Amino acid sequence: MDNKRLITLVLGVVFVLAGSYRIIFSANATQEMIDLGLPTFLSYLLIPFELIIGTLFLTNTHVKQTSIATLVFLGFALLWGVAVNPSAIINTHELYVFNTTPTDLLLHAMYFLLAFLVFRSK
């Protein structure tokens, strides 16, 4: 399996899990929108978006277009998050401390995957 395929599989799993999380824990997903100052109905629009994006990555279908949609979505999410909480840029000390939270575990798993892909590359 080449590195690009491995990355699309990981992205697919992440997005399918994110969409599934919003279904299972809909109250948390709604609260996320409230915390971001966004309309709560967006939470319900994100469910099919994340499930479709994840499925397209997992099935290796329309990867280029799926990547563009993902970049636009994540770009907006990052910009909006910084606009809502600008101090997040300044308070970077959290990045360098490993806490056994689900976020940190996923982030470090991604670091591991990236290091593995670099190791595997020619």
# chains A, B, ... in the order shown; residues from 1 in each chain; ligands from 1

$ residues_around --residues "A:Val14" --least-positions-apart "4" --cutoff "12 Å" --atoms "only C-alpha atoms" --output "count of residues only"
22

$ select_by_dssp --residues "chain A" --states "alpha helix (DSSP H)" --output "JSON, numbers by chain"
{"A": [3, 4, 5, 6, 7, 8, 9, 10, 11, 12, 13, 14, 15, 16, 17, 18, 19, 20, 21, 22, 23, 24, 26, 27, 28, 29, 30, 31, 32, 33, 34, 35, 41, 42, 43, 44, 45, 46, 47, 48, 49, 50, 51, 52, 53, 54, 55, 56, 57, 58, 63, 64, 65, 66, 67, 68, 69, 70, 71, 72, 73, 74, 75, 76, 77, 78, 79, 80, 81, 82, 83, 84, 87, 88, 89, 90, 102, 103, 104, 105, 106, 107, 108, 109, 110, 111, 112, 113, 114, 115, 116, 117, 118, 119, 120]}

$ closest_atom_pairs --of "stretch 63-115 of chain A" --to "stretch 26-41 of chain A" --cutoff "9 Å" --atoms "only C-alpha atoms" --output "JSON lines"
{"residue": "A:Trp80", "atom": "CA", "partner": "A:Leu36", "partner_atom": "CA", "distance": 7.8}
{"residue": "A:Gly81", "atom": "CA", "partner": "A:Leu36", "partner_atom": "CA", "distance": 7.0}
{"residue": "A:Val84", "atom": "CA", "partner": "A:Leu36", "partner_atom": "CA", "distance": 6.4}
{"residue": "A:Asn85", "atom": "CA", "partner": "A:Leu36", "partner_atom": "CA", "distance": 8.7}

$ residues_around --residues "A:Ala69" --least-positions-apart "6" --cutoff "10 Å" --atoms "only C-alpha atoms" --output "ChimeraX atom specification"
/A:49,53,63,75

$ decode --residues "stretch 57-82 of chain A" --atoms "N, CA and C atoms" --output "compact mmCIF listing (two decimals), in the first residue's frame"
# COMPACT_ATOMS: atom_id res chain seq x y z
N PHE A 57 -13.12 8.92 0.98
CA PHE A 57 -11.70 8.62 1.23
C PHE A 57 -11.49 7.12 1.41
N LEU A 58 -12.36 6.48 2.18
CA LEU A 58 -12.19 5.04 2.42
C LEU A 58 -12.29 4.21 1.15
N THR A 59 -13.18 4.62 0.26
CA THR A 59 -13.38 3.88 -0.98
C THR A 59 -12.47 4.36 -2.11
N ASN A 60 -11.63 5.35 -1.79
CA ASN A 60 -10.69 5.88 -2.78
C ASN A 60 -11.41 6.43 -4.01
N THR A 61 -12.53 7.10 -3.78
CA THR A 61 -13.37 7.62 -4.84
C THR A 61 -13.31 9.14 -4.85
N HIS A 62 -13.11 9.72 -6.01
CA HIS A 62 -13.06 11.18 -6.16
C HIS A 62 -12.14 11.82 -5.12
N VAL A 63 -10.94 11.26 -4.97
CA VAL A 63 -10.02 11.69 -3.92
C VAL A 63 -9.62 13.16 -4.08
N LYS A 64 -9.37 13.60 -5.30
CA LYS A 64 -8.96 14.99 -5.52
C LYS A 64 -10.07 15.95 -5.08
N GLN A 65 -11.30 15.70 -5.52
CA GLN A 65 -12.42 16.57 -5.16
C GLN A 65 -12.71 16.49 -3.66
N THR A 66 -12.59 15.30 -3.10
CA THR A 66 -12.81 15.11 -1.67
C THR A 66 -11.75 15.87 -0.87
N SER A 67 -10.53 15.85 -1.35
CA SER A 67 -9.45 16.59 -0.69
C SER A 67 -9.74 18.09 -0.72
N ILE A 68 -10.23 18.59 -1.85
CA ILE A 68 -10.55 20.03 -1.95
C ILE A 68 -11.65 20.39 -0.97
N ALA A 69 -12.70 19.57 -0.91
CA ALA A 69 -13.80 19.83 0.03
C ALA A 69 -13.28 19.79 1.47
N THR A 70 -12.39 18.87 1.76
CA THR A 70 -11.82 18.74 3.09
C THR A 70 -10.97 19.96 3.43
N LEU A 71 -10.16 20.41 2.49
CA LEU A 71 -9.32 21.59 2.72
C LEU A 71 -10.16 22.83 2.97
N VAL A 72 -11.22 23.01 2.21
CA VAL A 72 -12.11 24.17 2.40
C VAL A 72 -12.76 24.08 3.78
N PHE A 73 -13.30 22.92 4.11
CA PHE A 73 -13.96 22.72 5.40
C PHE A 73 -13.01 22.96 6.56
N LEU A 74 -11.85 22.32 6.54
CA LEU A 74 -10.90 22.46 7.63
C LEU A 74 -10.31 23.88 7.68
N GLY A 75 -10.11 24.49 6.53
CA GLY A 75 -9.63 25.87 6.50
C GLY A 75 -10.62 26.80 7.18
N PHE A 76 -11.90 26.64 6.85
CA PHE A 76 -12.94 27.45 7.49
C PHE A 76 -12.97 27.18 8.99
N ALA A 77 -12.92 25.92 9.38
CA ALA A 77 -12.98 25.56 10.80
C ALA A 77 -11.82 26.18 11.57
N LEU A 78 -10.62 26.12 11.00
CA LEU A 78 -9.45 26.70 11.67
C LEU A 78 -9.57 28.22 11.78
N LEU A 79 -9.94 28.87 10.68
CA LEU A 79 -10.08 30.33 10.70
C LEU A 79 -11.18 30.77 11.66
N TRP A 80 -12.30 30.05 11.65
CA TRP A 80 -13.41 30.40 12.54
C TRP A 80 -13.00 30.18 14.00
N GLY A 81 -12.33 29.08 14.27
CA GLY A 81 -11.88 28.80 15.64
C GLY A 81 -10.96 29.88 16.17
N VAL A 82 -10.04 30.36 15.35
CA VAL A 82 -9.13 31.43 15.76
C VAL A 82 -9.90 32.75 15.92
